[in-house]
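Enquirer: What follows is the file entry17.cif, containing mmCIF, C-alpha atoms:
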```
data_protein
loop_
_atom_site.label_atom_id
_atom_site.label_comp_id
_atom_site.auth_asym_id
_atom_site.auth_seq_id
_atom_site.Cartn_x
_atom_site.Cartn_y
_atom_site.Cartn_z
CA MET A 1 1.38 -13.54 30.37
CA ARG A 2 4.49 -11.92 28.91
CA ILE A 3 5.32 -13.19 25.45
CA ALA A 4 8.30 -12.53 23.17
CA MET A 5 7.66 -13.32 19.51
CA ILE A 6 10.89 -13.74 17.55
CA GLY A 7 10.19 -12.87 13.91
CA THR A 8 7.62 -10.48 12.43
CA GLY A 9 6.87 -12.38 9.26
CA TYR A 10 3.48 -13.80 8.44
CA VAL A 11 3.26 -16.25 11.36
CA GLY A 12 5.00 -14.06 13.92
CA LEU A 13 3.06 -10.88 13.28
CA VAL A 14 -0.36 -12.52 13.08
CA SER A 15 0.31 -14.67 16.16
CA GLY A 16 1.74 -11.77 18.14
CA ALA A 17 -1.19 -9.47 17.34
CA CYS A 18 -3.72 -12.19 18.21
CA PHE A 19 -1.99 -13.07 21.50
CA ALA A 20 -2.02 -9.37 22.38
CA ASP A 21 -5.71 -9.23 21.56
CA PHE A 22 -6.21 -12.06 24.07
CA GLY A 23 -4.84 -9.67 26.70
CA HIS A 24 -1.24 -10.84 26.88
CA ASP A 25 1.75 -8.48 26.87
CA VAL A 26 3.51 -9.21 23.56
CA THR A 27 6.79 -7.90 22.17
CA CYS A 28 7.58 -8.78 18.56
CA VAL A 29 11.30 -8.86 17.79
CA ASP A 30 12.96 -8.67 14.39
CA LYS A 31 16.52 -7.89 13.26
CA ASP A 32 15.23 -6.00 10.22
CA GLU A 33 15.40 -2.39 11.39
CA ARG A 34 13.37 -1.14 8.41
CA LYS A 35 10.56 -3.56 9.17
CA ILE A 36 10.43 -2.57 12.82
CA ALA A 37 10.54 1.13 11.91
CA ALA A 38 7.64 0.58 9.51
CA LEU A 39 5.64 -1.23 12.18
CA HIS A 40 6.24 1.68 14.55
CA ARG A 41 4.72 3.92 11.86
CA GLY A 42 1.73 1.61 11.64
CA GLU A 43 2.76 0.13 8.28
CA ILE A 44 2.05 -3.60 7.98
CA PRO A 45 4.64 -5.45 5.83
CA ILE A 46 2.19 -8.14 4.67
CA TYR A 47 -1.36 -8.06 3.36
CA GLU A 48 -3.80 -9.91 5.60
CA PRO A 49 -7.41 -8.76 5.98
CA GLY A 50 -8.00 -7.16 9.38
CA LEU A 51 -4.38 -7.31 10.53
CA ASP A 52 -3.74 -3.56 10.28
CA SER A 53 -6.62 -2.66 12.60
CA LEU A 54 -5.76 -5.50 15.01
CA VAL A 55 -2.17 -4.28 15.30
CA GLU A 56 -3.27 -0.66 15.69
CA THR A 57 -5.76 -1.50 18.45
CA ASN A 58 -3.29 -3.49 20.52
CA VAL A 59 -0.42 -1.04 20.06
CA LYS A 60 -2.70 1.73 21.37
CA ALA A 61 -3.67 -0.50 24.30
CA LYS A 62 0.06 -0.99 25.01
CA ARG A 63 -0.26 -4.77 24.78
CA LEU A 64 1.77 -5.02 21.56
CA SER A 65 5.18 -3.51 20.86
CA PHE A 66 8.03 -3.97 18.39
CA THR A 67 11.80 -3.90 18.81
CA THR A 68 15.08 -5.05 17.31
CA ASP A 69 16.50 -5.82 20.78
CA LEU A 70 15.88 -9.41 21.77
CA SER A 71 17.51 -9.46 25.21
CA GLY A 72 15.01 -7.41 27.25
CA PRO A 73 11.79 -9.04 26.01
CA VAL A 74 13.26 -12.55 26.35
CA ALA A 75 14.52 -11.93 29.90
CA GLU A 76 11.02 -10.81 30.97
CA ALA A 77 9.03 -13.40 29.03
CA ASP A 78 7.05 -16.34 30.36
CA ALA A 79 7.16 -17.79 26.85
CA VAL A 80 9.36 -17.08 23.84
CA PHE A 81 8.01 -18.10 20.44
CA ILE A 82 10.40 -18.72 17.56
CA ALA A 83 8.56 -17.68 14.38
CA VAL A 84 11.38 -17.16 11.91
CA GLY A 85 11.48 -18.41 8.33
CA THR A 86 12.34 -21.99 7.38
CA PRO A 87 12.67 -21.78 3.58
CA SER A 88 13.70 -24.69 1.40
CA ARG A 89 17.46 -25.06 1.44
CA ARG A 90 19.10 -24.66 -1.93
CA GLY A 91 20.37 -27.85 -3.45
CA ASP A 92 18.57 -30.51 -1.41
CA GLY A 93 15.08 -29.23 -0.51
CA HIS A 94 15.56 -29.62 3.25
CA ALA A 95 14.10 -26.92 5.48
CA ASP A 96 16.77 -24.31 6.18
CA LEU A 97 16.94 -24.16 9.98
CA SER A 98 19.78 -21.65 10.25
CA TYR A 99 17.43 -18.87 11.38
CA VAL A 100 15.81 -21.11 13.99
CA TYR A 101 19.13 -22.18 15.46
CA ALA A 102 20.52 -18.64 15.42
CA ALA A 103 17.44 -17.46 17.30
CA ALA A 104 17.85 -20.28 19.83
CA ARG A 105 21.42 -19.19 20.60
CA GLU A 106 20.42 -15.57 21.09
CA ILE A 107 17.45 -16.52 23.22
CA ALA A 108 19.59 -18.75 25.43
CA ALA A 109 21.93 -15.92 26.28
CA SER A 110 19.07 -13.73 27.54
CA LEU A 111 16.93 -16.20 29.49
CA SER A 112 16.06 -15.31 33.08
CA GLY A 113 13.98 -17.53 35.32
CA PHE A 114 11.69 -20.30 34.13
CA THR A 115 10.79 -19.85 30.46
CA VAL A 116 9.02 -21.91 27.84
CA VAL A 117 10.69 -21.62 24.42
CA VAL A 118 8.25 -22.55 21.69
CA THR A 119 8.96 -23.39 18.04
CA LYS A 120 6.10 -21.81 16.08
CA SER A 121 7.96 -22.08 12.78
CA THR A 122 7.34 -25.17 10.66
CA VAL A 123 10.32 -27.37 11.45
CA PRO A 124 11.35 -30.98 10.70
CA VAL A 125 10.90 -33.69 13.29
CA GLY A 126 13.67 -33.49 15.86
CA THR A 127 14.25 -29.75 15.56
CA GLY A 128 12.97 -29.18 19.10
CA ASP A 129 15.62 -31.58 20.38
CA GLU A 130 18.34 -29.56 18.69
CA VAL A 131 16.90 -26.25 19.90
CA GLU A 132 16.96 -27.60 23.47
CA ARG A 133 20.54 -28.84 23.04
CA ILE A 134 21.67 -25.44 21.73
CA ILE A 135 20.01 -23.57 24.59
CA ARG A 136 21.45 -25.84 27.28
CA GLU A 137 24.90 -25.74 25.68
CA THR A 138 24.81 -21.93 25.39
CA ASN A 139 23.34 -21.35 28.84
CA PRO A 140 23.74 -24.42 31.10
CA LYS A 141 22.05 -22.63 34.02
CA SER A 142 18.85 -21.88 32.10
CA ASP A 143 15.56 -23.15 33.48
CA VAL A 144 13.78 -23.85 30.21
CA VAL A 145 11.22 -26.11 28.57
CA VAL A 146 11.29 -26.35 24.77
CA ALA A 147 7.88 -27.01 23.23
CA SER A 148 6.44 -27.28 19.74
CA ASN A 149 3.30 -25.33 18.79
CA PRO A 150 2.84 -25.52 15.00
CA GLU A 151 0.61 -22.97 13.28
CA PHE A 152 -2.33 -23.87 11.07
CA LEU A 153 -3.19 -20.46 9.62
CA ARG A 154 -4.62 -19.95 6.15
CA GLU A 155 -3.42 -16.80 4.45
CA GLY A 156 -6.40 -14.54 3.91
CA ALA A 157 -8.23 -16.00 6.92
CA ALA A 158 -5.42 -16.12 9.47
CA ILE A 159 -6.98 -14.03 12.23
CA ARG A 160 -10.17 -16.06 12.25
CA ASP A 161 -8.15 -19.28 12.13
CA PHE A 162 -6.13 -18.15 15.15
CA LYS A 163 -9.16 -17.15 17.20
CA PHE A 164 -11.43 -20.01 16.12
CA PRO A 165 -8.99 -22.88 15.52
CA ASP A 166 -9.86 -26.45 14.57
CA ARG A 167 -7.19 -27.52 17.04
CA ILE A 168 -4.21 -26.22 18.97
CA VAL A 169 -1.31 -28.68 19.02
CA VAL A 170 1.29 -28.36 21.78
CA GLY A 171 4.24 -30.70 21.88
CA THR A 172 5.66 -31.09 25.39
CA ASN A 173 5.58 -33.71 28.13
CA ASP A 174 6.65 -31.22 30.81
CA GLU A 175 3.87 -30.29 33.25
CA ARG A 176 5.21 -26.78 33.82
CA GLY A 177 5.34 -26.24 30.08
CA ARG A 178 1.80 -27.53 29.69
CA LYS A 179 0.54 -25.09 32.32
CA VAL A 180 2.17 -22.08 30.67
CA MET A 181 0.84 -23.03 27.23
CA GLY A 182 -2.60 -23.70 28.71
CA ASP A 183 -2.59 -20.24 30.30
CA ILE A 184 -1.55 -18.61 27.04
CA TYR A 185 -4.44 -20.20 25.12
CA ARG A 186 -6.95 -19.96 28.00
CA PRO A 187 -8.84 -17.02 26.41
CA LEU A 188 -9.96 -19.46 23.70
CA SER A 189 -11.63 -21.78 26.21
CA LEU A 190 -15.02 -20.11 25.73
CA ASN A 191 -14.80 -21.15 22.09
CA GLN A 192 -14.07 -24.72 23.23
CA ALA A 193 -10.89 -24.84 21.17
CA PRO A 194 -9.46 -28.37 21.32
CA LEU A 195 -6.07 -28.10 23.00
CA MET A 196 -4.11 -31.21 22.12
CA PHE A 197 -1.01 -32.01 24.15
CA THR A 198 1.38 -34.55 22.69
CA ALA A 199 5.06 -35.39 22.52
CA ARG A 200 7.25 -32.77 20.86
CA ARG A 201 8.25 -34.89 17.87
CA THR A 202 4.64 -35.89 17.31
CA ALA A 203 3.60 -32.24 17.20
CA GLU A 204 6.31 -31.52 14.63
CA MET A 205 5.10 -34.44 12.50
CA ILE A 206 1.44 -33.35 12.70
CA LYS A 207 2.17 -30.10 10.89
CA TYR A 208 3.93 -31.76 7.96
CA ALA A 209 1.42 -34.59 7.72
CA ALA A 210 -1.50 -32.13 7.64
CA ASN A 211 -0.02 -30.04 4.83
CA ALA A 212 0.99 -33.11 2.81
CA PHE A 213 -2.53 -34.52 3.09
CA LEU A 214 -4.16 -31.26 1.96
CA ALA A 215 -1.71 -31.00 -0.94
CA THR A 216 -2.66 -34.56 -1.87
CA LYS A 217 -6.38 -33.68 -1.94
CA ILE A 218 -5.68 -30.74 -4.28
CA THR A 219 -3.53 -32.83 -6.59
CA PHE A 220 -6.04 -35.68 -6.62
CA ILE A 221 -8.93 -33.48 -7.76
CA ASN A 222 -6.68 -31.84 -10.37
CA GLU A 223 -5.93 -35.23 -11.90
CA ILE A 224 -9.63 -36.12 -11.79
CA ALA A 225 -10.27 -32.80 -13.58
CA ASP A 226 -7.94 -33.83 -16.40
CA LEU A 227 -9.76 -37.13 -16.76
CA SER A 228 -13.15 -35.39 -16.56
CA GLU A 229 -12.23 -33.19 -19.52
CA LYS A 230 -11.41 -36.27 -21.60
CA VAL A 231 -14.51 -38.29 -20.74
CA GLY A 232 -17.03 -35.45 -20.70
CA ALA A 233 -17.66 -35.26 -16.94
CA ASN A 234 -17.94 -32.15 -14.76
CA VAL A 235 -15.25 -32.08 -12.08
CA GLN A 236 -17.19 -29.61 -9.91
CA GLU A 237 -20.08 -32.05 -9.67
CA VAL A 238 -17.65 -34.91 -9.11
CA ALA A 239 -16.02 -32.96 -6.26
CA ARG A 240 -19.40 -32.23 -4.70
CA GLY A 241 -20.51 -35.83 -5.11
CA ILE A 242 -17.48 -37.22 -3.30
CA GLY A 243 -17.14 -34.32 -0.85
CA LEU A 244 -20.60 -34.88 0.61
CA ASP A 245 -19.20 -38.14 1.97
CA ASN A 246 -18.13 -36.97 5.42
CA ARG A 247 -15.17 -39.34 5.31
CA ILE A 248 -13.79 -37.20 2.46
CA GLY A 249 -15.18 -33.69 3.03
CA THR A 250 -15.65 -30.83 0.58
CA LYS A 251 -12.60 -28.70 1.38
CA PHE A 252 -9.53 -28.63 -0.90
CA LEU A 253 -11.43 -30.32 -3.72
CA HIS A 254 -11.39 -27.36 -6.10
CA ALA A 255 -9.65 -28.07 -9.40
CA GLY A 256 -7.24 -25.42 -10.61
CA PRO A 257 -3.71 -24.68 -11.79
CA GLY A 258 -1.96 -26.41 -8.88
CA PHE A 259 -1.06 -25.45 -5.31
CA GLY A 260 1.46 -22.80 -4.38
CA GLY A 261 2.18 -20.47 -1.48
CA SER A 262 4.56 -20.47 1.43
CA CYS A 263 3.64 -23.86 2.92
CA PHE A 264 2.55 -26.72 0.66
CA PRO A 265 5.45 -26.75 -1.85
CA LYS A 266 8.09 -26.16 0.83
CA ASP A 267 6.65 -28.55 3.38
CA THR A 268 6.05 -31.43 0.97
CA LYS A 269 9.67 -31.15 -0.17
CA ALA A 270 10.90 -31.07 3.41
CA LEU A 271 8.76 -34.07 4.43
CA ILE A 272 10.17 -36.10 1.54
CA LYS A 273 13.71 -35.21 2.62
CA ILE A 274 12.98 -36.11 6.24
CA ALA A 275 11.69 -39.50 5.11
CA GLN A 276 14.76 -40.09 2.96
CA ASP A 277 17.00 -39.36 5.95
CA TYR A 278 15.21 -42.15 7.82
CA ASP A 279 15.26 -44.51 4.82
CA VAL A 280 11.50 -44.25 4.29
CA SER A 281 9.91 -43.73 0.87
CA LEU A 282 6.85 -41.44 0.77
CA ARG A 283 5.83 -42.33 -2.75
CA ILE A 284 2.41 -40.68 -2.58
CA VAL A 285 3.87 -37.36 -1.41
CA GLU A 286 6.64 -37.59 -4.01
CA ALA A 287 4.03 -38.08 -6.73
CA VAL A 288 1.96 -35.15 -5.41
CA LEU A 289 4.94 -32.81 -5.68
CA ALA A 290 5.92 -34.02 -9.15
CA VAL A 291 2.36 -33.82 -10.53
CA ASN A 292 1.88 -30.34 -9.10
CA GLU A 293 5.07 -28.98 -10.62
CA ASN A 294 4.19 -30.37 -14.03
CA ARG A 295 0.65 -29.04 -13.81
CA LYS A 296 1.61 -25.42 -13.24
CA ARG A 297 3.71 -25.36 -16.40
CA ALA A 298 1.02 -27.25 -18.33
CA MET A 299 -1.41 -24.37 -17.79
CA ALA A 300 0.55 -22.33 -20.36
CA ARG A 301 -0.04 -25.10 -22.89
CA LYS A 302 -3.75 -24.98 -22.04
CA VAL A 303 -3.78 -21.28 -23.00
CA SER A 304 -1.87 -22.06 -26.19
CA HIS A 305 -4.42 -24.73 -27.09
CA ALA A 306 -7.27 -22.21 -26.67
CA LEU A 307 -5.54 -20.02 -29.27
CA GLY A 308 -5.01 -22.82 -31.77
CA GLY A 309 -1.53 -23.79 -30.62
CA ALA A 310 0.32 -20.58 -31.55
CA LEU A 311 1.13 -17.80 -29.06
CA ARG A 312 3.97 -15.95 -30.79
CA GLY A 313 3.04 -12.30 -31.14
CA LYS A 314 -0.21 -12.75 -29.20
CA THR A 315 -1.12 -10.65 -26.17
CA ILE A 316 -2.37 -12.55 -23.12
CA GLY A 317 -4.07 -10.83 -20.19
CA VAL A 318 -3.58 -12.51 -16.80
CA LEU A 319 -6.02 -11.79 -13.97
CA GLY A 320 -4.63 -12.66 -10.55
CA LEU A 321 -0.99 -13.26 -9.67
CA THR A 322 -0.88 -14.19 -5.98
CA PHE A 323 -1.13 -17.88 -5.10
CA LYS A 324 -4.59 -17.32 -3.58
CA PRO A 325 -6.99 -14.40 -2.94
CA ASP A 326 -6.74 -12.02 0.03
CA THR A 327 -2.95 -12.12 0.20
CA ASP A 328 -0.03 -10.47 -1.55
CA ASP A 329 2.06 -13.65 -1.26
CA MET A 330 3.77 -14.66 -4.51
CA ARG A 331 5.78 -17.57 -3.09
CA ASP A 332 5.51 -20.53 -5.49
CA ALA A 333 2.43 -18.94 -7.07
CA PRO A 334 1.08 -20.88 -10.10
CA SER A 335 1.11 -17.59 -12.01
CA ILE A 336 4.92 -17.63 -12.14
CA PRO A 337 5.41 -20.81 -14.25
CA LEU A 338 2.28 -19.92 -16.23
CA VAL A 339 3.60 -16.48 -17.20
CA THR A 340 7.13 -17.69 -17.88
CA GLY A 341 5.66 -20.46 -20.04
CA LEU A 342 3.62 -17.93 -22.02
CA LEU A 343 6.69 -15.75 -22.49
CA ASP A 344 8.74 -18.75 -23.64
CA MET A 345 6.10 -19.41 -26.30
CA GLY A 346 6.51 -15.88 -27.62
CA ALA A 347 3.46 -14.23 -26.07
CA LYS A 348 3.28 -10.72 -24.69
CA VAL A 349 1.83 -10.76 -21.17
CA ARG A 350 -0.01 -8.07 -19.27
CA ALA A 351 -1.38 -8.67 -15.80
CA TYR A 352 -3.48 -7.27 -12.98
CA ASP A 353 -3.79 -8.28 -9.34
CA PRO A 354 -5.72 -6.30 -6.68
CA VAL A 355 -2.90 -6.30 -4.08
CA GLY A 356 -0.02 -8.46 -5.31
CA MET A 357 1.59 -6.47 -8.10
CA ASP A 358 4.41 -4.96 -6.04
CA GLN A 359 5.51 -8.45 -5.01
CA ALA A 360 4.85 -9.83 -8.50
CA LYS A 361 7.17 -7.28 -10.10
CA LEU A 362 10.05 -8.84 -8.16
CA GLU A 363 9.26 -12.27 -9.63
CA LEU A 364 7.98 -11.27 -13.09
CA PRO A 365 9.70 -8.04 -14.15
CA ALA A 366 9.34 -8.61 -17.91
CA ILE A 367 5.58 -8.15 -18.21
CA GLU A 368 3.21 -5.19 -18.33
CA TYR A 369 1.15 -4.37 -15.23
CA CYS A 370 -2.30 -2.83 -15.56
CA GLU A 371 -4.48 -0.65 -13.36
CA ASP A 372 -7.55 -2.89 -13.43
CA ALA A 373 -9.07 -5.97 -15.06
CA TYR A 374 -10.46 -4.07 -18.03
CA ALA A 375 -7.13 -2.41 -18.85
CA CYS A 376 -5.59 -5.88 -18.66
CA ALA A 377 -8.12 -7.22 -21.18
CA LYS A 378 -7.80 -4.31 -23.62
CA GLY A 379 -6.21 -5.51 -26.84
CA ALA A 380 -5.70 -9.04 -25.51
CA ASP A 381 -6.06 -12.13 -27.67
CA ALA A 382 -7.04 -14.13 -24.59
CA LEU A 383 -7.76 -13.51 -20.92
CA VAL A 384 -6.60 -16.01 -18.27
CA ILE A 385 -8.11 -16.09 -14.78
CA VAL A 386 -5.43 -17.43 -12.45
CA THR A 387 -6.46 -16.29 -8.95
CA GLU A 388 -10.09 -16.31 -7.85
CA TRP A 389 -10.22 -12.80 -6.38
CA VAL A 390 -13.80 -11.70 -5.65
CA GLN A 391 -13.21 -8.71 -7.95
CA PHE A 392 -13.09 -11.10 -10.91
CA ARG A 393 -16.32 -12.95 -10.16
CA ALA A 394 -18.72 -10.41 -11.67
CA LEU A 395 -16.86 -8.75 -14.54
CA ASP A 396 -18.81 -6.82 -17.19
CA LEU A 397 -18.60 -9.41 -19.94
CA ASP A 398 -19.86 -7.07 -22.67
CA ARG A 399 -17.19 -4.53 -21.75
CA LEU A 400 -14.50 -7.20 -21.80
CA LYS A 401 -15.57 -8.48 -25.19
CA GLU A 402 -15.58 -5.00 -26.74
CA THR A 403 -11.96 -4.34 -25.77
CA MET A 404 -10.41 -7.74 -26.55
CA VAL A 405 -8.97 -8.67 -29.94
CA GLN A 406 -10.47 -12.14 -29.57
CA PRO A 407 -13.17 -13.06 -27.03
CA ILE A 408 -11.26 -15.99 -25.51
CA VAL A 409 -11.27 -16.66 -21.75
CA VAL A 410 -9.33 -19.45 -20.05
CA ASP A 411 -10.71 -19.77 -16.54
CA LEU A 412 -8.29 -21.78 -14.41
CA ARG A 413 -10.49 -21.40 -11.30
CA ASN A 414 -13.92 -22.25 -12.75
CA ILE A 415 -15.52 -19.09 -11.41
CA TYR A 416 -17.86 -18.64 -14.41
CA ARG A 417 -20.50 -20.94 -15.86
CA PRO A 418 -19.74 -22.17 -19.39
CA GLU A 419 -23.24 -21.52 -20.71
CA ASP A 420 -23.14 -17.89 -19.46
CA MET A 421 -19.81 -17.26 -21.15
CA GLU A 422 -20.96 -18.85 -24.39
CA ALA A 423 -24.18 -16.83 -24.32
CA ALA A 424 -22.04 -13.69 -23.97
CA GLY A 425 -20.14 -14.69 -27.11
CA PHE A 426 -16.91 -15.96 -25.56
CA VAL A 427 -14.80 -18.94 -26.45
CA TYR A 428 -14.49 -20.29 -22.93
CA GLU A 429 -12.25 -22.97 -21.47
CA SER A 430 -12.20 -24.02 -17.83
CA VAL A 431 -10.72 -26.88 -15.81
CA GLY A 432 -12.38 -30.29 -15.80
CA ARG A 433 -15.68 -29.18 -17.33
CA PRO A 434 -16.98 -29.80 -20.85
CA ALA A 435 -18.25 -26.71 -22.66
CA GLY A 436 -21.92 -25.97 -22.05
CA GLN A 437 -22.19 -27.72 -18.68
CA VAL A 438 -22.95 -25.93 -15.43
#
```
Will you turn the file into structure tokens for me?

Expert:
Amino acid sequence: MRIAMIGTGYVGLVSGACFADFGHDVTCVDKDERKIAALHRGEIPIYEPGLDSLVETNVKAKRLSFTTDLSGPVAEADAVFIAVGTPSRRGDGHADLSYVYAAAREIAASLSGFTVVVTKSTVPVGTGDEVERIIRETNPKSDVVVASNPEFLREGAAIRDFKFPDRIVVGTNDERGRKVMGDIYRPLSLNQAPLMFTARRTAEMIKYAANAFLATKITFINEIADLSEKVGANVQEVARGIGLDNRIGTKFLHAGPGFGGSCFPKDTKALIKIAQDYDVSLRIVEAVLAVNENRKRAMARKVSHALGGALRGKTIGVLGLTFKPDTDDMRDAPSIPLVTGLLDMGAKVRAYDPVGMDQAKLELPAIEYCEDAYACAKGADALVIVTEWVQFRALDLDRLKETMVQPIVVDLRNIYRPEDMEAAGFVYESVGRPAGQV
């Protein structure tokens, strides 16, 4: 199959490389000339484990190529995937669809023969209808089927998620479109990947509903963590106790500083706005978003409490800046409101992240960046673990203690055991666990 992937961001580049690895002929298109030039040099613009070697392998095999020219790849394609950004629109929180619609117009002008145009970007319900209208208005003679194929990739595990998916959702009622999409995903048939065909609007809704539900699970366990701290319960054991019920499941029940990243904050906002447009109130999702926003800022107060309520003139070391491990993504990362809160309280902040510091400097320019975790801890009055990178799971506690002004650790990811930290001589605070409990 010949595939044109419009957009070389996170979704577009991962999807394009994986499709090429299936054996398809994939051309990734992007208007950013610097990004395309970098990809031609073998430089990957995002951090995703395994992506660099996957791109290199398929470029060498001549199954994957990059260009700024949309017309040629689209004219030759069996399927054109739209994988451009849909950020929150300023002012109202709606998904900004300007890039999607601009891509649809350009695609329409270059179509040749029967083509399936697929929205891979996360888009509100009804976007596929508008994409089809734009294409038919721009090119009335086009022979096209517009389908929805939302992505369900976790940053840090995206390649595995693509090749071993829980499900593949395709929104189209057109038999020709179904055949093309079935052929594209046929290499996954040995893995028995569940290919779910549904109506286009249903597929669009599935993506938002899935992200809103996962965000709800995270927010629920965070509120249970707050209550656990007050009543003397251990939220990790609570999460395990409820997660072993297969109706609930263990995933996304890890208490922490709140969710962030490129999907959950943006998509929950967009879902709320979609509902408002249809005069529907999603009170649970609205509460999830409000609680999460408040929680991220409250983490700074948690650090202040560990230091007796006064941060002015104190130095705080922050370990981990990205919204999750194995990515350099800083979008809506909990570290941003945490650090700004610490600065507002008069603290000096130094930070270290294994891969995210270049991106973090764009968001948090007023702090000091360190070369490793121990340099971050040197001279600090407290150390805050914000992102659960594997590099932070087995730190030399004696070395940390020797270099810190005060041996205070606030672990927002619960990666250490309280009794181990106390035995090492640390004042240790975590999330949803009383001191001294495993």

Enquirer: Expanded to explicit residues, what is the PyMOL selection byres ((chain A and resi 126-132) around 8) for this file, as a tab-separated table (two decimals) with C-alpha atoms, keeping the file's coordinate frame?

Expert:
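And here's expr-v8.tsv as it stands now:
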```
chain	number	residue	atom	x	y	z
A	100	VAL	CA	15.81	-21.11	13.99
A	101	TYR	CA	19.13	-22.18	15.46
A	104	ALA	CA	17.85	-20.28	19.83
A	119	THR	CA	8.96	-23.39	18.04
A	123	VAL	CA	10.32	-27.37	11.45
A	124	PRO	CA	11.35	-30.98	10.70
A	125	VAL	CA	10.90	-33.69	13.29
A	133	ARG	CA	20.54	-28.84	23.04
A	134	ILE	CA	21.67	-25.44	21.73
A	135	ILE	CA	20.01	-23.57	24.59
A	136	ARG	CA	21.45	-25.84	27.28
A	145	VAL	CA	11.22	-26.11	28.57
A	146	VAL	CA	11.29	-26.35	24.77
A	147	ALA	CA	7.88	-27.01	23.23
A	148	SER	CA	6.44	-27.28	19.74
A	200	ARG	CA	7.25	-32.77	20.86
A	201	ARG	CA	8.25	-34.89	17.87
A	204	GLU	CA	6.31	-31.52	14.63
```

Enquirer: Find the distance between atom CA of Ser112 of chain A and atom CA of Pro73 of chain A and write it in Å to one decimal.

Expert: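 Those two atoms sit 10.4 Å apart.
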
Enquirer: Restrict the calculation to all atoms listed in the file, then for each residue of segment 221-304 of chain A with any atom at most 7 Å from an atom of segment 338-352 of chain A give the closest atom pair and their distance in Å to one decimal, rows by chain and rising residue number, as JSON lines.

Expert:
```
{"residue": "A:Lys296", "atom": "CA", "partner": "A:Leu338", "partner_atom": "CA", "distance": 6.3}
{"residue": "A:Arg297", "atom": "CA", "partner": "A:Leu338", "partner_atom": "CA", "distance": 5.6}
{"residue": "A:Met299", "atom": "CA", "partner": "A:Leu338", "partner_atom": "CA", "distance": 6.0}
{"residue": "A:Ala300", "atom": "CA", "partner": "A:Leu338", "partner_atom": "CA", "distance": 5.1}
```

Enquirer: Of the candidates A:Arg331, A:Arg160, A:Arg176, A:His24, which shows the shortest atom-to-atom distance to Val144 of chain A, using only C-alpha atoms?

Expert: A:Arg176

Enquirer: Evaluating the PyMOL selection byres ((chain A and resi 155) around 10) on the displayed file yields which residues, as a PyMOL selection string?

Expert: chain A and resi 10-11+47-49+152-154+156-159+161+261-262+323-329

Enquirer: For Ser110 of chain A, which residue among A:Asp30, A:Asp92, A:Glu76, A:Asp279 is the nearest when counting all atoms listed in the file?

Expert: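 Looking only at the distances to Ser110 of chain A, the closest residue turns out to be A:Glu76.
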
Enquirer: Quick one: distance from atom CA of Pro354 of chain A to atom CA of Gly379 of chain A in Å, one decimal?

Expert: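 So the answer is 20.2 Å.
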
Enquirer: Given the choices A:Val285, A:Pro334, A:Thr322, A:Asp226, which gets closest to Phe213 of chain A if the distance is worked out from all atoms listed in the file?

Expert: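 Of A:Val285, A:Pro334, A:Thr322, A:Asp226, the one nearest Phe213 of chain A, counting all atoms listed in the file, is A:Val285.
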
Enquirer: Using all atoms listed in the file, which residue out of A:Gly313, A:Pro257, A:Pro45, A:Gly308 lies closest to Val291 of chain A?

Expert: A:Pro257

Enquirer: Would you translate the PyMOL selection byres ((chain A and resi 421) around 12) into the concrete set of residues it matches in this file, as a PyMOL selection string?

Expert: chain A and resi 394-398+400-401+407-411+414-420+422-430+435-438

Enquirer: Using only C-alpha atoms, which protein or nucleic acid residues come within 9 Å of Asn173 of chain A? Drop anything in the same chain fewer than 4 positions from it, and give the result as a list in words.

Expert: Ala147, Gly177, Arg178, Phe197, Thr198, Ala199 and Arg200 of chain A

Enquirer: To one decimal in Å, tell me the separation between atom CA of Val55 of chain A and atom CA of Ala17 of chain A.

Expert: 5.7 Å

Enquirer: Find the residue from A:Met196, A:Met5, A:Ala275, A:Ile82 that sits nearest to Val170 of chain A; use all atoms listed in the file when measuring.

Expert: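 So, comparing all the options, the nearest one is A:Met196.
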
Enquirer: Need the shell around Lys62 of chain A: protein/DNA/RNA residues with any atom at most 12 Å away, counting all atoms listed in the file. Skip same-chain ones fewer than 2 positions apart. Format as a list of chain:residue names?

Expert: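 Near Lys62 of chain A, the qualifying residues are A:Ala17, A:Ala20, A:Asp21, A:Gly23, A:His24, A:Asp25, A:Val26, A:Thr27, A:Val55, A:Glu56, A:Thr57, A:Asn58, A:Val59, A:Lys60, A:Leu64, A:Ser65, A:Phe66.
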